[in-house]
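Here the structure is laid out as structure tokens; the discussion comes afterwards.
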Amino acid sequence: MGPAALIGLITGGVNQAMTTGFGLDTLWGNSVAAIVLGAVNVVMASRTGFPQHVFALMGITGALLPGIAVVSGILLQMGGASGTDQFLTAATVSVALGTGSAFGAFVAEHIGAAWQRRQ
């Protein structure tokens, strides 16, 4: 329970900081949060013994999925308007989440390996 809450707080906090604090749009805010999520996954997995994928899933589903864009697109479609822009945004954010979390983990693993070689 504790690691899940922590990863959700970190991911959601970074996302909120990027979108409200720095004024980034949803795509970029989620992308940055996903990169941080990937890096934090590596650290938390090494300290807890849980696989990195578990933390990635917790962070993405708990704080980053583009649910509002999907609901907006559905409502627009039901009202007779086009929800294509909202669905494209949701799809783009979803791709950015996977790519960002993988990239963050990649960077963190390489930094960790370089640090261990120096020790």
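In the structure tokens, each chain is lettered A, B, ... as it comes, each chain's residues begin at 1, and ligands are numbered from 1 in order of appearance.
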- Query: Hey, what's within 9 Å of Asn15 of chain A if we count only C-alpha atoms and toss same-chain stuff fewer than 3 positions away? As number ranges by chain, please?
  - Reply: A: 10-12, 18-20, 26, 29-34, 63-64
- Query: What's the 6 Å shell around segment 71-73 of chain A, counting only C-alpha atoms, without same-chain residues fewer than 2 positions away, as a list in words?
  - Reply: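 Those residues are Ile68, Ala69, Leu75, Leu76, Gly83, Gln86 and Phe87 of chain A.
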Go ahead and write the selection's residues with all heavy atoms as an mmCIF file, in the first residue's frame.
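Once everything was written out, this is selection-v1.cif:
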```
data_model
loop_
_atom_site.group_PDB
_atom_site.id
_atom_site.type_symbol
_atom_site.label_atom_id
_atom_site.label_comp_id
_atom_site.auth_asym_id
_atom_site.auth_seq_id
_atom_site.Cartn_x
_atom_site.Cartn_y
_atom_site.Cartn_z
ATOM 1 N N ILE A 68 -10.258 12.403 -18.873
ATOM 2 C CA ILE A 68 -11.088 13.572 -19.184
ATOM 3 C C ILE A 68 -11.197 13.766 -20.693
ATOM 4 O O ILE A 68 -12.275 14.085 -21.205
ATOM 5 C CB ILE A 68 -10.547 14.825 -18.482
ATOM 6 C CG1 ILE A 68 -10.714 14.667 -16.965
ATOM 7 C CG2 ILE A 68 -11.248 16.082 -18.979
ATOM 8 C CD1 ILE A 68 -10.092 15.762 -16.148
ATOM 9 N N ALA A 69 -10.102 13.569 -21.400
ATOM 10 C CA ALA A 69 -10.145 13.725 -22.857
ATOM 11 C C ALA A 69 -11.071 12.694 -23.485
ATOM 12 O O ALA A 69 -11.835 13.009 -24.408
ATOM 13 C CB ALA A 69 -8.737 13.602 -23.438
ATOM 14 N N LEU A 75 -18.731 12.577 -25.015
ATOM 15 C CA LEU A 75 -19.844 13.526 -24.877
ATOM 16 C C LEU A 75 -20.060 14.335 -26.156
ATOM 17 O O LEU A 75 -21.203 14.576 -26.567
ATOM 18 C CB LEU A 75 -19.623 14.449 -23.683
ATOM 19 C CG LEU A 75 -19.719 13.788 -22.311
ATOM 20 C CD1 LEU A 75 -19.334 14.777 -21.217
ATOM 21 C CD2 LEU A 75 -21.107 13.223 -22.080
ATOM 22 N N LEU A 76 -18.971 14.757 -26.774
ATOM 23 C CA LEU A 76 -19.098 15.490 -28.038
ATOM 24 C C LEU A 76 -19.729 14.615 -29.111
ATOM 25 O O LEU A 76 -20.616 15.065 -29.845
ATOM 26 C CB LEU A 76 -17.733 16.006 -28.495
ATOM 27 C CG LEU A 76 -17.206 17.216 -27.742
ATOM 28 C CD1 LEU A 76 -15.743 17.478 -28.106
ATOM 29 C CD2 LEU A 76 -18.047 18.442 -28.050
ATOM 30 N N GLY A 83 -15.652 14.430 -31.756
ATOM 31 C CA GLY A 83 -14.754 14.264 -30.619
ATOM 32 C C GLY A 83 -13.372 13.803 -31.038
ATOM 33 O O GLY A 83 -12.578 13.381 -30.207
ATOM 34 N N GLN A 86 -10.289 15.246 -29.182
ATOM 35 C CA GLN A 86 -10.130 14.708 -27.832
ATOM 36 C C GLN A 86 -9.585 13.282 -27.873
ATOM 37 O O GLN A 86 -8.720 12.923 -27.066
ATOM 38 C CB GLN A 86 -11.463 14.737 -27.070
ATOM 39 C CG GLN A 86 -11.868 16.106 -26.591
ATOM 40 C CD GLN A 86 -12.354 17.016 -27.719
ATOM 41 O OE1 GLN A 86 -12.709 16.560 -28.792
ATOM 42 N NE2 GLN A 86 -12.347 18.303 -27.462
ATOM 43 N N PHE A 87 -10.073 12.476 -28.816
ATOM 44 C CA PHE A 87 -9.580 11.100 -28.923
ATOM 45 C C PHE A 87 -8.121 11.069 -29.383
ATOM 46 O O PHE A 87 -7.337 10.244 -28.920
ATOM 47 C CB PHE A 87 -10.458 10.281 -29.861
ATOM 48 C CG PHE A 87 -11.855 10.052 -29.339
ATOM 49 C CD1 PHE A 87 -12.946 10.217 -30.170
ATOM 50 C CD2 PHE A 87 -12.082 9.674 -28.028
ATOM 51 C CE1 PHE A 87 -14.235 10.001 -29.703
ATOM 52 C CE2 PHE A 87 -13.362 9.461 -27.548
ATOM 53 C CZ PHE A 87 -14.443 9.626 -28.385
#
```
- Query: Pick from A:Arg117, A:Ala102, A:Ala108, A:Pro3: nearest to Thr48 of chain A, with only C-alpha atoms counted?
  - Reply: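 Using only C-alpha atoms, the shortest distance to Thr48 of chain A belongs to A:Pro3.
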- Query: Which residues come within 12 Å of Val43 of chain A, counting only C-alpha atoms, excluding same-chain residues fewer than 2 positions away, as a PyMOL selection string?
  - Reply: chain A and resi 3+7+36-41+45-52+55-56+104-109+111-112
- Nearest-residue call for Val93 of chain A, choices A:Gln119, A:Asp25, A:Gly59, A:Gly79, using only C-alpha atoms: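 Counting only C-alpha atoms, the residue closest to Val93 of chain A is A:Asp25.
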- Counting only C-alpha atoms, figure out which residue out of A:Ile60, A:Ile35, A:Val54, A:Leu65 gets nearest to Thr99 of chain A.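 So, comparing all the options, the nearest one is A:Ile35.
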- Item | Which residue of A:Ala113, A:Ala17, A:Val70, A:Leu97 approaches Asp85 of chain A most closely, using only C-alpha atoms |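 Using only C-alpha atoms, the shortest distance to Asp85 of chain A belongs to A:Val70.
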